[in-house]
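S.K.: Contents of structure31.tsv (TSV, C-alpha atoms and all ligand atoms) are below:
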```
chain	number	residue	atom	x	y	z
E	26	MET	CA	2.98	-18.34	-9.26
E	27	THR	CA	-0.53	-19.41	-8.27
E	28	THR	CA	-2.25	-22.66	-9.06
E	29	ARG	CA	-4.13	-22.92	-12.35
E	30	HIS	CA	-7.90	-22.91	-12.32
E	31	ALA	CA	-10.90	-23.68	-14.42
E	32	SER	CA	-13.15	-20.85	-15.60
E	33	GLY	CA	-15.12	-19.06	-12.91
E	34	PRO	CA	-14.18	-17.59	-9.58
E	35	ARG	CA	-11.99	-19.81	-7.45
E	36	ASP	CA	-12.23	-20.91	-3.88
E	37	SER	CA	-10.72	-18.36	-1.53
E	38	GLY	CA	-9.14	-21.15	0.53
E	39	GLU	CA	-6.99	-22.21	-2.43
E	40	ALA	CA	-4.06	-19.95	-1.66
E	41	ALA	CA	-2.37	-21.26	1.45
E	42	PRO	CA	0.65	-19.26	2.69
E	43	LEU	CA	2.50	-18.39	-0.46
E	44	SER	CA	6.04	-17.11	-0.95
E	45	PHE	CA	7.79	-15.90	-4.05
E	46	ARG	CA	10.57	-13.62	-5.13
E	47	ARG	CA	10.75	-11.80	-8.42
E	48	ASP	CA	13.75	-9.91	-9.74
E	49	LEU	CA	12.12	-7.62	-12.29
E	50	PRO	CA	14.09	-4.98	-14.18
E	51	GLY	CA	14.99	-2.43	-11.49
E	52	THR	CA	12.68	-3.90	-8.83
E	53	ARG	CA	13.09	-6.84	-6.44
E	54	VAL	CA	9.84	-8.25	-5.04
E	55	VAL	CA	9.79	-10.32	-1.85
E	56	PHE	CA	6.34	-11.79	-1.11
E	57	ALA	CA	6.23	-13.99	1.99
E	58	PRO	CA	4.66	-14.27	5.41
E	59	GLY	CA	7.10	-12.52	7.73
E	60	ALA	CA	8.86	-10.80	4.80
E	61	LEU	CA	9.24	-7.64	6.87
E	62	ARG	CA	12.19	-9.34	8.55
E	63	GLU	CA	13.98	-9.15	5.21
E	64	LEU	CA	13.72	-5.38	5.03
E	65	ARG	CA	16.95	-4.58	6.80
E	66	PRO	CA	19.18	-7.12	5.01
E	67	GLN	CA	17.68	-6.12	1.66
E	68	LEU	CA	18.36	-2.45	2.43
E	69	ALA	CA	22.01	-3.29	2.80
E	70	HIS	CA	21.97	-4.70	-0.76
E	71	LEU	CA	20.63	-1.36	-1.97
E	72	GLY	CA	23.39	0.47	-0.10
E	73	VAL	CA	20.88	2.27	2.16
E	74	ARG	CA	22.37	3.07	5.57
E	75	ARG	CA	20.12	5.94	6.65
E	76	ALA	CA	16.46	5.19	6.03
E	77	PHE	CA	13.67	7.80	6.07
E	78	VAL	CA	10.23	6.21	6.57
E	79	VAL	CA	7.07	7.80	5.18
E	80	THR	CA	3.62	6.64	6.23
E	81	THR	CA	0.10	7.88	6.91
E	82	GLY	CA	-0.87	9.26	10.28
E	83	GLY	CA	-3.55	6.60	10.71
E	84	ARG	CA	-3.23	3.06	11.86
E	85	ALA	CA	-0.79	2.12	9.12
E	86	ALA	CA	1.93	3.94	11.02
E	87	GLY	CA	1.48	1.61	13.95
E	88	LEU	CA	1.45	-1.60	11.95
E	89	ALA	CA	5.13	-2.18	12.28
E	90	SER	CA	7.42	-0.45	14.64
E	91	PRO	CA	9.97	0.96	12.19
E	92	ARG	CA	12.65	1.11	14.92
E	93	ASP	CA	12.22	-2.60	15.76
E	94	VAL	CA	12.55	-3.51	12.11
E	95	LEU	CA	15.26	-1.05	11.08
E	96	GLY	CA	17.28	-0.50	14.26
E	97	ASP	CA	19.93	2.20	13.89
E	98	ALA	CA	19.35	2.35	10.10
E	99	LEU	CA	16.21	4.43	10.84
E	100	VAL	CA	16.82	8.18	10.84
E	101	GLU	CA	13.25	9.56	10.87
E	102	VAL	CA	9.57	8.66	10.48
E	103	PHE	CA	7.38	11.16	8.60
E	104	GLY	CA	3.74	10.32	9.34
E	105	GLY	CA	2.06	13.04	7.28
E	106	ALA	CA	1.44	11.31	3.92
E	107	ARG	CA	-1.96	12.29	2.48
E	108	GLU	CA	-4.15	11.10	-0.34
E	109	HIS	CA	-3.37	12.42	-3.84
E	110	VAL	CA	0.09	13.67	-2.71
E	111	PRO	CA	-0.53	17.40	-2.08
E	112	VAL	CA	2.48	19.53	-3.10
E	113	ASP	CA	2.77	21.15	0.33
E	114	THR	CA	3.14	17.70	1.91
E	115	VAL	CA	5.87	16.89	-0.62
E	116	SER	CA	7.75	20.12	0.24
E	117	GLU	CA	7.59	19.43	3.95
E	118	ALA	CA	8.62	15.77	3.65
E	119	LEU	CA	11.41	16.53	1.21
E	120	GLY	CA	12.81	19.21	3.53
E	121	ARG	CA	12.85	16.72	6.40
E	122	PHE	CA	14.36	14.00	4.18
E	123	ARG	CA	17.23	16.31	3.17
E	124	ALA	CA	17.80	17.62	6.70
E	125	SER	CA	18.00	14.05	8.01
E	126	ARG	CA	20.75	13.21	5.47
E	127	ALA	CA	18.87	10.02	4.64
E	128	ASP	CA	20.10	7.97	1.70
E	129	GLY	CA	16.94	5.93	1.12
E	130	CYS	CA	13.17	6.27	1.54
E	131	ILE	CA	10.86	3.53	2.82
E	132	ALA	CA	7.11	3.93	2.27
E	133	ILE	CA	5.06	1.82	4.69
E	134	GLY	CA	1.34	2.00	4.01
E	135	GLY	CA	-1.10	2.36	1.15
E	136	GLY	CA	-0.98	4.36	-2.05
E	137	SER	CA	-0.76	7.65	-0.17
E	138	ALA	CA	2.49	6.73	1.61
E	139	ILE	CA	3.93	5.15	-1.53
E	140	GLY	CA	2.93	8.22	-3.59
E	141	LEU	CA	4.83	10.49	-1.20
E	142	GLY	CA	7.80	8.13	-1.32
E	143	LYS	CA	7.76	8.39	-5.11
E	144	ALA	CA	7.86	12.19	-4.92
E	145	ILE	CA	10.89	12.02	-2.59
E	146	ALA	CA	12.64	9.46	-4.81
E	147	ARG	CA	12.10	11.58	-7.94
E	148	ALA	CA	13.32	14.77	-6.29
E	149	SER	CA	16.31	13.27	-4.48
E	150	GLY	CA	17.41	10.35	-6.65
E	151	ALA	CA	17.43	8.16	-3.52
E	152	PRO	CA	16.13	4.59	-3.82
E	153	LEU	CA	12.55	3.93	-2.76
E	154	VAL	CA	11.43	0.82	-0.90
E	155	ALA	CA	7.69	0.05	-0.65
E	156	VAL	CA	6.03	-2.00	2.08
E	157	PRO	CA	2.38	-2.02	0.97
E	158	THR	CA	-0.43	-2.42	3.51
E	159	THR	CA	-3.40	-1.91	1.14
E	160	TYR	CA	-4.23	-3.17	-2.35
E	161	SER	CA	-3.47	0.04	-4.31
E	162	GLY	CA	-0.77	-1.63	-6.44
E	163	SER	CA	1.18	1.64	-6.60
E	164	GLU	CA	4.27	-0.20	-5.37
E	165	MET	CA	4.60	-1.93	-8.76
E	166	THR	CA	4.31	1.15	-10.96
E	167	SER	CA	6.42	4.04	-12.19
E	168	ILE	CA	3.27	6.20	-12.12
E	169	TRP	CA	3.52	9.27	-9.91
E	170	GLY	CA	0.85	11.82	-9.00
E	171	GLN	CA	0.77	15.20	-7.28
E	172	THR	CA	-2.04	17.61	-6.49
E	173	ASP	CA	-2.04	21.39	-6.27
E	174	ALA	CA	-4.64	24.12	-6.61
E	175	ALA	CA	-4.90	23.44	-10.35
E	176	GLY	CA	-5.80	19.75	-9.82
E	177	LYS	CA	-3.94	16.46	-10.07
E	178	ARG	CA	-1.01	15.80	-12.39
E	179	THR	CA	0.29	12.31	-13.09
E	180	GLY	CA	3.05	10.87	-15.21
E	181	ARG	CA	5.40	7.95	-15.55
E	182	ASP	CA	9.02	8.13	-14.42
E	183	PRO	CA	11.39	5.20	-13.83
E	184	ALA	CA	12.85	7.15	-10.88
E	185	ALA	CA	9.48	6.82	-9.10
E	186	LYS	CA	9.49	3.04	-9.20
E	187	PRO	CA	10.35	1.27	-5.95
E	188	ARG	CA	13.64	-0.65	-6.11
E	189	LEU	CA	12.41	-3.12	-3.51
E	190	VAL	CA	8.87	-4.20	-2.62
E	191	ILE	CA	8.22	-6.20	0.55
E	192	TYR	CA	4.81	-7.88	0.78
E	193	ASP	CA	4.07	-9.22	4.24
E	194	VAL	CA	0.46	-10.34	4.50
E	195	ALA	CA	0.51	-9.81	8.28
E	196	LEU	CA	0.60	-6.05	7.65
E	197	THR	CA	-2.78	-6.22	5.89
E	198	LEU	CA	-4.66	-8.16	8.57
E	199	GLY	CA	-5.76	-5.00	10.38
E	200	LEU	CA	-7.01	-3.17	7.28
E	201	PRO	CA	-10.70	-2.59	8.15
E	202	ALA	CA	-13.37	-4.32	6.04
E	203	ASP	CA	-14.57	-1.14	4.32
E	204	LEU	CA	-11.04	-0.05	3.35
E	205	SER	CA	-10.16	-3.60	2.25
E	206	ALA	CA	-13.24	-3.75	0.05
E	207	ALA	CA	-12.68	-0.36	-1.59
E	208	SER	CA	-8.95	-0.86	-2.03
E	209	GLY	CA	-9.59	-4.31	-3.51
E	210	MET	CA	-11.97	-2.78	-6.05
E	211	ASN	CA	-9.29	-0.19	-6.88
E	212	ALA	CA	-7.02	-3.13	-7.75
E	213	MET	CA	-9.90	-4.66	-9.73
E	214	ALA	CA	-10.16	-1.47	-11.78
E	215	HIS	CA	-6.47	-1.66	-12.71
E	216	ALA	CA	-6.93	-5.22	-13.93
E	217	VAL	CA	-10.18	-4.53	-15.80
E	218	GLU	CA	-8.81	-1.55	-17.72
E	219	ALA	CA	-5.56	-3.42	-18.49
E	220	MET	CA	-7.64	-6.21	-20.07
E	221	TYR	CA	-8.95	-3.87	-22.77
E	222	ALA	CA	-5.97	-1.51	-23.12
E	223	ALA	CA	-4.77	-1.25	-26.73
E	224	ASN	CA	-1.12	-1.48	-25.64
E	225	ALA	CA	-1.53	-4.51	-23.32
E	226	THR	CA	0.50	-7.57	-24.28
E	227	ASP	CA	-0.61	-11.17	-23.86
E	228	GLY	CA	1.49	-11.20	-20.69
E	229	THR	CA	-0.23	-8.08	-19.34
E	230	ARG	CA	-3.65	-9.61	-19.96
E	231	ALA	CA	-2.63	-12.90	-18.33
E	232	MET	CA	-1.59	-11.04	-15.17
E	233	ALA	CA	-4.75	-8.92	-15.22
E	234	GLU	CA	-7.00	-11.95	-15.68
E	235	GLU	CA	-5.28	-13.78	-12.84
E	236	ALA	CA	-5.71	-10.67	-10.69
E	237	VAL	CA	-9.46	-10.58	-11.37
E	238	HIS	CA	-9.78	-14.26	-10.40
E	239	SER	CA	-7.84	-13.73	-7.18
E	240	LEU	CA	-9.66	-10.55	-6.15
E	241	THR	CA	-13.10	-12.00	-6.94
E	242	ALA	CA	-12.37	-15.10	-4.89
E	243	GLY	CA	-10.56	-13.44	-2.00
E	244	LEU	CA	-12.37	-10.18	-1.33
E	245	PRO	CA	-15.70	-11.55	-0.01
E	246	ALA	CA	-13.83	-13.71	2.52
E	247	VAL	CA	-11.55	-10.80	3.51
E	248	VAL	CA	-14.57	-8.58	4.16
E	249	ALA	CA	-16.37	-11.35	6.09
E	250	MET	CA	-13.29	-12.19	8.20
E	251	GLY	CA	-10.29	-9.91	7.92
E	252	SER	CA	-7.96	-12.27	9.76
E	253	GLU	CA	-8.36	-15.07	7.18
E	254	LEU	CA	-4.79	-15.52	6.01
E	255	GLY	CA	-5.55	-17.49	2.84
E	256	ALA	CA	-8.02	-14.92	1.56
E	257	ARG	CA	-5.75	-12.01	2.52
E	258	THR	CA	-2.91	-13.69	0.64
E	259	LEU	CA	-5.08	-14.24	-2.42
E	260	VAL	CA	-6.14	-10.58	-2.49
E	261	LEU	CA	-2.56	-9.36	-1.95
E	262	VAL	CA	-1.38	-11.50	-4.89
E	263	GLY	CA	-4.26	-10.07	-6.94
E	264	ALA	CA	-3.26	-6.52	-5.99
E	265	HIS	CA	0.36	-7.24	-6.92
E	266	LEU	CA	-0.59	-8.62	-10.34
E	267	ALA	CA	-3.06	-5.80	-10.96
E	268	GLY	CA	-0.31	-3.30	-10.11
E	269	CYS	CA	2.04	-5.01	-12.58
E	270	ALA	CA	-0.68	-4.84	-15.26
E	271	LEU	CA	-1.29	-1.15	-14.44
E	272	ASP	CA	2.39	-0.46	-14.94
E	273	GLU	CA	2.36	-2.05	-18.39
E	274	ALA	CA	-0.94	-0.84	-19.83
E	275	SER	CA	-2.47	2.55	-20.46
E	276	MET	CA	-5.65	3.18	-18.49
E	277	GLY	CA	-8.93	4.30	-20.05
E	278	LEU	CA	-12.10	6.26	-19.29
E	279	HIS	CA	-12.51	4.79	-15.82
E	280	HIS	CA	-9.13	6.08	-14.64
E	281	ARG	CA	-9.65	9.45	-16.32
E	282	ILE	CA	-12.93	9.89	-14.42
E	283	CYS	CA	-11.40	8.85	-11.09
E	284	HIS	CA	-8.37	11.09	-11.67
E	285	VAL	CA	-10.58	14.18	-12.07
E	286	LEU	CA	-13.04	13.26	-9.30
E	287	GLY	CA	-10.15	12.73	-6.87
E	288	GLY	CA	-7.90	15.59	-7.95
E	289	THR	CA	-10.45	18.34	-8.57
E	290	PHE	CA	-13.49	17.27	-6.55
E	291	LYS	CA	-11.53	15.62	-3.68
E	292	LEU	CA	-13.52	12.40	-3.72
E	293	PRO	CA	-11.85	9.48	-1.86
E	294	HIS	CA	-9.70	7.46	-4.25
E	295	ALA	CA	-10.54	3.80	-3.69
E	296	ARG	CA	-14.27	4.17	-3.01
E	297	THR	CA	-14.62	6.33	-6.13
E	298	HIS	CA	-13.04	3.53	-8.17
E	299	ALA	CA	-15.53	1.04	-6.71
E	300	ALA	CA	-18.50	3.30	-7.46
E	301	VAL	CA	-17.52	4.17	-11.05
E	302	LEU	CA	-16.19	0.84	-12.37
E	303	PRO	CA	-19.48	-0.99	-13.17
E	304	HIS	CA	-20.76	2.05	-15.06
E	305	VAL	CA	-17.65	2.44	-17.23
E	306	VAL	CA	-17.60	-1.30	-17.95
E	307	ALA	CA	-21.25	-1.11	-19.06
E	308	PHE	CA	-20.29	1.77	-21.38
E	309	ASN	CA	-17.25	-0.06	-22.82
E	310	ALA	CA	-18.68	-3.59	-23.00
E	311	GLU	CA	-19.67	-3.71	-26.66
E	312	SER	CA	-16.35	-2.26	-27.80
E	313	ALA	CA	-14.22	-4.79	-25.89
E	314	ALA	CA	-15.90	-8.14	-26.54
E	315	GLU	CA	-12.90	-10.44	-26.03
E	316	ALA	CA	-11.83	-8.67	-22.82
E	317	MET	CA	-15.42	-8.94	-21.55
E	318	ARG	CA	-15.53	-12.67	-22.33
E	319	ARG	CA	-12.39	-13.28	-20.28
E	320	LEU	CA	-13.46	-10.92	-17.51
E	321	GLY	CA	-16.88	-12.59	-17.42
E	322	ASP	CA	-15.23	-15.98	-16.91
E	323	ALA	CA	-13.02	-14.58	-14.17
E	324	ILE	CA	-15.81	-12.94	-12.16
E	325	GLY	CA	-18.38	-15.64	-12.90
E	326	ASN	CA	-20.91	-13.43	-14.69
E	327	ALA	CA	-21.04	-12.96	-18.47
E	328	ASP	CA	-22.51	-9.49	-17.84
E	329	VAL	CA	-19.32	-8.03	-16.38
E	330	ALA	CA	-20.87	-4.73	-15.30
E	331	ALA	CA	-23.61	-6.58	-13.42
E	332	GLY	CA	-21.00	-8.92	-11.91
E	333	LEU	CA	-18.95	-5.99	-10.64
E	334	ALA	CA	-22.03	-4.27	-9.21
E	335	ALA	CA	-22.98	-7.53	-7.47
E	336	LEU	CA	-19.46	-7.84	-6.06
E	337	ASN	CA	-19.71	-4.27	-4.73
E	338	ARG	CA	-22.94	-5.30	-2.97
E	339	THR	CA	-21.35	-8.46	-1.54
E	340	LEU	CA	-18.50	-6.30	-0.25
E	341	ARG	CA	-21.08	-3.92	1.25
E	342	ILE	CA	-19.80	-1.04	-0.88
E	343	GLY	CA	-23.03	0.89	-1.28
E	344	ALA	CA	-21.46	4.17	-2.23
E	345	THR	CA	-22.74	6.31	-5.06
E	346	LEU	CA	-20.77	9.31	-6.29
E	347	GLY	CA	-23.37	11.50	-4.59
E	348	GLU	CA	-22.64	9.88	-1.24
E	349	LEU	CA	-18.92	10.34	-1.86
E	350	GLY	CA	-19.35	14.09	-2.31
E	351	LEU	CA	-20.13	14.81	-5.98
E	352	ARG	CA	-23.07	17.18	-6.37
E	353	ARG	CA	-25.48	17.04	-9.30
E	354	THR	CA	-24.37	20.60	-10.11
E	355	ASP	CA	-20.73	19.37	-10.39
E	356	VAL	CA	-21.49	16.94	-13.21
E	357	ASP	CA	-21.14	19.42	-16.10
E	358	ARG	CA	-17.83	20.82	-14.84
E	359	ALA	CA	-16.49	17.31	-14.21
E	360	ALA	CA	-17.58	16.18	-17.67
E	361	ASP	CA	-15.84	19.21	-19.24
E	362	GLU	CA	-12.57	18.41	-17.49
E	363	ILE	CA	-12.73	14.66	-18.14
E	364	ALA	CA	-13.55	15.09	-21.84
E	365	ALA	CA	-10.92	17.81	-22.32
E	366	ALA	CA	-8.01	15.36	-21.96
E	367	PRO	CA	-9.37	11.88	-22.63
E	368	TYR	CA	-7.34	8.74	-21.93
E	369	PRO	CA	-7.20	6.04	-24.61
E	370	ASN	CA	-10.40	3.98	-24.40
E	371	PRO	CA	-11.84	1.09	-26.43
E	372	ARG	CA	-14.99	3.11	-27.16
E	373	PRO	CA	-14.69	6.73	-28.32
E	374	VAL	CA	-15.92	9.08	-25.59
E	375	THR	CA	-17.85	12.35	-25.99
E	376	ARG	CA	-18.59	14.88	-23.27
E	377	GLU	CA	-22.22	13.72	-23.35
E	378	ASP	CA	-21.09	10.12	-22.79
E	379	VAL	CA	-19.13	11.25	-19.73
E	380	ARG	CA	-22.17	13.09	-18.39
E	381	MET	CA	-24.23	9.94	-18.88
E	382	VAL	CA	-21.73	7.72	-17.03
E	383	LEU	CA	-21.36	10.21	-14.16
E	384	SER	CA	-25.12	10.63	-13.85
E	385	ALA	CA	-25.60	6.84	-13.75
E	386	ALA	CA	-23.01	6.57	-10.94
E	387	LEU	CA	-24.49	9.52	-9.00
E	401	LIG	P1	-4.33	5.28	1.63
E	401	LIG	O1	-2.92	4.98	1.41
E	401	LIG	O2	-4.75	6.71	1.68
E	401	LIG	O3	-4.83	4.53	2.93
E	401	LIG	C1	-6.19	4.68	3.37
E	401	LIG	C2	-6.25	4.67	4.89
E	401	LIG	O4	-5.94	3.37	5.34
E	401	LIG	C3	-5.23	5.59	5.58
E	401	LIG	O5	-5.88	6.24	6.64
E	401	LIG	C4	-4.18	4.65	6.10
E	401	LIG	O6	-3.54	5.14	7.25
E	401	LIG	C5	-4.97	3.41	6.38
E	401	LIG	N1	-4.26	2.16	6.30
E	401	LIG	C6	-3.41	1.76	5.33
E	401	LIG	N2	-3.02	0.49	5.54
E	401	LIG	C7	-3.65	0.08	6.67
E	401	LIG	C8	-3.68	-1.16	7.38
E	401	LIG	N3	-3.04	-2.23	6.94
E	401	LIG	N4	-4.44	-1.22	8.49
E	401	LIG	C9	-5.16	-0.16	8.92
E	401	LIG	N5	-5.18	1.03	8.27
E	401	LIG	C10	-4.43	1.14	7.15
E	401	LIG	O7	-5.28	4.60	0.50
E	401	LIG	P2	-4.96	3.79	-0.82
E	401	LIG	O8	-6.30	3.53	-1.42
E	401	LIG	O9	-4.06	2.66	-0.57
E	401	LIG	O10	-4.15	4.81	-1.74
E	401	LIG	C11	-4.78	5.89	-2.39
E	401	LIG	C12	-3.74	6.77	-3.05
E	401	LIG	O11	-2.89	5.97	-3.87
E	401	LIG	C13	-4.33	7.83	-3.97
E	401	LIG	O12	-3.62	9.04	-3.79
E	401	LIG	C14	-4.10	7.27	-5.36
E	401	LIG	O13	-4.00	8.27	-6.35
E	401	LIG	C15	-2.80	6.52	-5.18
E	401	LIG	N6	-2.59	5.42	-6.13
E	401	LIG	C16	-1.49	5.50	-6.95
E	401	LIG	C17	-1.24	4.48	-7.85
E	401	LIG	C18	-0.01	4.56	-8.72
E	401	LIG	O14	0.31	3.62	-9.44
E	401	LIG	N7	0.69	5.67	-8.71
E	401	LIG	C19	-2.07	3.35	-7.90
E	401	LIG	C20	-3.18	3.29	-7.04
E	401	LIG	C21	-3.43	4.34	-6.13
```
Here is a file; write its structure as structure tokens.

M.R.:
Amino acid sequence: MTTRHASGPRDSGEAAPLSFRRDLPGTRVVFAPGALRELRPQLAHLGVRRAFVVTTGGRAAGLASPRDVLGDALVEVFGGAREHVPVDTVSEALGRFRASRADGCIAIGGGSAIGLGKAIARASGAPLVAVPTTYSGSEMTSIWGQTDAAGKRTGRDPAAKPRLVIYDVALTLGLPADLSAASGMNAMAHAVEAMYAANATDGTRAMAEEAVHSLTAGLPAVVAMGSELGARTLVLVGAHLAGCALDEASMGLHHRICHVLGGTFKLPHARTHAAVLPHVVAFNAESAAEAMRRLGDAIGNADVAAGLAALNRTLRIGATLGELGLRRTDVDRAADEIAAAPYPNPRPVTREDVRMVLSAAL
């Protein structure tokens, strides 16, 4: 899919315009410059005649004019997708989906739009199409999430998985530098935790390693110049591969921490991932030696935690958990919740360990 490389981060200019198609079980992937043009013909293959578009109210909604792309196949645009998929948003969107008599849902945007699309697909049985505009990787997973007053619930359900994913790099060119950086580090976290997941296969690790190479090489150039097509392509490929790895592997302590900080403490998803990742990697390093060796090669620093922290600095992600909204007085409650339902992790985790990691990231 991408060219092979020697150890160490690669040159961001390596990935010239790249196109590929993958027919994975249940999901067709079209990755190409201008791929948005394929949306309508591909919808016909899925038997979708009345498409309901979900997106976020921000700039993502204006990236593509859904009417220009979908013509009379478009029945409604719902622009109210929100982070962590609040249940009241799901109720509202599902009511509109049903009233519109749509027979397919198209999520255009980042993980928030795709997450809402997953909720609609699970509730209605209609096929979901994802047109990602960030690097969340959600488009490649059967993982769903929803948030209510009790916090965030997640699970895996084949019905949540998009049947068609359209990657058009042009849709990412306007993603601002700070969102690109944070979203790219969210993708990095998927790949890093897949590398040391007990249930990862050789194939999962190969995709994750390739993702780390691509993200490490592409992200600095994307943040320096967002219109650089080669770097944007490299990062989008990295996000795709990281999403595939996320779908195949169980996630560890890092994802458990981010799940609770986002769901219960309302911290922003991608920037929280960026802030926490170096600290969890430092905690896990000695219990995942082979993964760290490969990750070290991929990011160009044998001390992976230090390499990730340095990448955060290069990407001008300065955020600490404190700056993102976690108070020192929240740490005990967060540690209780995180330790109460631990995810599988290469190093056993106690509540005190969680407190230590959170305090280091504060
Ligand atoms: P997001 O979807 O909330 O987008 C962030 C902001 O960027 C929004 O304001 C949006 O309008 C804007 N935006 C998106 N694309 C843009 C573009 N190209 N140009 C300009 N603005 C753009 O953020 P996200 O980080 O992509 O997604 C976070 C959500 O995804 C969280 O709820 C998280 O739990 C979920 N997620 C789910 C999975 C999964 O597998 N289920 C994986 C990763 C993330």

S.K.: Grab me every residue within 8 Å of ligand LIG 401 (chain E), counting only C-alpha atoms and all ligand atoms, and send it over as a VMD selection string.

M.R.: chain E and resid 80 to 86 88 107 to 110 134 to 140 157 to 170 179 196 to 201 204 207 to 208 211 to 212 268 271 to 272 284 287 293 to 295

S.K.: Report as number ranges by chain all protein, DNA and RNA residues lying within 12 Å of E:Thr258, evaluated on only C-alpha atoms, omitting residues in the same chain fewer than 5 positions from it.

M.R.: E: 27, 37-45, 56-58, 158-160, 192-198, 239-240, 242-244, 246-247, 251-253, 263-265

S.K.: Of the candidates E:Val55, E:Ala299, E:Val329, E:Ala98, which one gets nearest to E:Thr345 if we count all atoms listed in the file?

M.R.: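 Of E:Val55, E:Ala299, E:Val329, E:Ala98, the one nearest E:Thr345, counting all atoms listed in the file, is E:Ala299.
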
S.K.: Using all atoms listed in the file, pick whichever of E:Asp128, E:Asp227, E:Glu218, E:Asp113 has the shortest atom-to-atom distance to E:Ala310.

M.R.: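 For E:Ala310, the nearest of the candidates is E:Glu218.
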
S.K.: Taking the point (10.7, 10.9, 12.9) as given in the file, collect each protein or nucleic acid residue that comes within 12 Å of it, counting all atoms listed in the file, and present the set as a PDB file with C-alpha atoms, in the frame of the given file.

M.R.:
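Once written, part.pdb looks like this:
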```
ATOM      1  CA  ALA E  76      16.460   5.190   6.030  1.00  0.00           C
ATOM      2  CA  PHE E  77      13.670   7.800   6.070  1.00  0.00           C
ATOM      3  CA  VAL E  78      10.230   6.210   6.570  1.00  0.00           C
ATOM      4  CA  VAL E  79       7.070   7.800   5.180  1.00  0.00           C
ATOM      5  CA  THR E  80       3.620   6.640   6.230  1.00  0.00           C
ATOM      6  CA  GLY E  82      -0.870   9.260  10.280  1.00  0.00           C
ATOM      7  CA  ALA E  86       1.930   3.940  11.020  1.00  0.00           C
ATOM      8  CA  SER E  90       7.420  -0.450  14.640  1.00  0.00           C
ATOM      9  CA  PRO E  91       9.970   0.960  12.190  1.00  0.00           C
ATOM     10  CA  ARG E  92      12.650   1.110  14.920  1.00  0.00           C
ATOM     11  CA  LEU E  99      16.210   4.430  10.840  1.00  0.00           C
ATOM     12  CA  VAL E 100      16.820   8.180  10.840  1.00  0.00           C
ATOM     13  CA  GLU E 101      13.250   9.560  10.870  1.00  0.00           C
ATOM     14  CA  VAL E 102       9.570   8.660  10.480  1.00  0.00           C
ATOM     15  CA  PHE E 103       7.380  11.160   8.600  1.00  0.00           C
ATOM     16  CA  GLY E 104       3.740  10.320   9.340  1.00  0.00           C
ATOM     17  CA  GLY E 105       2.060  13.040   7.280  1.00  0.00           C
ATOM     18  CA  ALA E 118       8.620  15.770   3.650  1.00  0.00           C
ATOM     19  CA  ARG E 121      12.850  16.720   6.400  1.00  0.00           C
ATOM     20  CA  PHE E 122      14.360  14.000   4.180  1.00  0.00           C
ATOM     21  CA  ALA E 124      17.800  17.620   6.700  1.00  0.00           C
ATOM     22  CA  SER E 125      18.000  14.050   8.010  1.00  0.00           C
ATOM     23  CA  ALA E 127      18.870  10.020   4.640  1.00  0.00           C
TER      24      ALA E 127
END
```

S.K.: Atom CA of E:Cys283 to atom CA of E:Cys269: how many Å, to one decimal?

M.R.: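 Distance between the two atoms: 19.4 Å.
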
S.K.: Could you check which of E:Met220, E:Leu49, E:Ala274, E:Val285 is closest to E:Ile363, using all atoms listed in the file?

M.R.: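 Under the stated criterion, the closest residue is E:Val285.
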
S.K.: Between atom CA of E:Val94 and atom CA of E:Val54, what distance in Å does the model show, to one decimal?

M.R.: 18.0 Å

S.K.: Please indicate the distance in Å from atom CA of E:Arg53 to atom CA of E:Arg188, rounded to one decimal place.

M.R.: 6.2 Å

S.K.: Would you mind putting back N, CA, C and O atoms on stretch 321-327 of chain E, then writing it out as an mmCIF file, in the frame of the given file?

M.R.:
```cif
data_model
loop_
_atom_site.group_PDB
_atom_site.id
_atom_site.type_symbol
_atom_site.label_atom_id
_atom_site.label_comp_id
_atom_site.auth_asym_id
_atom_site.auth_seq_id
_atom_site.Cartn_x
_atom_site.Cartn_y
_atom_site.Cartn_z
ATOM 1 N N GLY E 321 -15.655 -11.908 -17.837
ATOM 2 C CA GLY E 321 -16.880 -12.590 -17.420
ATOM 3 C C GLY E 321 -16.566 -13.950 -16.818
ATOM 4 O O GLY E 321 -17.129 -14.336 -15.785
ATOM 5 N N ASP E 322 -15.650 -14.688 -17.469
ATOM 6 C CA ASP E 322 -15.230 -15.980 -16.910
ATOM 7 C C ASP E 322 -14.609 -15.788 -15.533
ATOM 8 O O ASP E 322 -14.846 -16.569 -14.608
ATOM 9 N N ALA E 323 -13.775 -14.764 -15.420
ATOM 10 C CA ALA E 323 -13.020 -14.580 -14.170
ATOM 11 C C ALA E 323 -13.910 -14.162 -13.008
ATOM 12 O O ALA E 323 -13.653 -14.541 -11.866
ATOM 13 N N ILE E 324 -14.959 -13.363 -13.295
ATOM 14 C CA ILE E 324 -15.810 -12.940 -12.160
ATOM 15 C C ILE E 324 -17.084 -13.783 -12.051
ATOM 16 O O ILE E 324 -17.893 -13.583 -11.148
ATOM 17 N N GLY E 325 -17.252 -14.722 -12.999
ATOM 18 C CA GLY E 325 -18.380 -15.640 -12.900
ATOM 19 C C GLY E 325 -19.701 -15.024 -13.305
ATOM 20 O O GLY E 325 -20.763 -15.428 -12.815
ATOM 21 N N ASN E 326 -19.672 -14.035 -14.186
ATOM 22 C CA ASN E 326 -20.910 -13.430 -14.690
ATOM 23 C C ASN E 326 -20.632 -12.876 -16.088
ATOM 24 O O ASN E 326 -19.762 -12.000 -16.235
ATOM 25 N N ALA E 327 -21.298 -13.392 -17.097
ATOM 26 C CA ALA E 327 -21.040 -12.960 -18.470
ATOM 27 C C ALA E 327 -21.343 -11.467 -18.650
ATOM 28 O O ALA E 327 -20.768 -10.803 -19.512
#
```
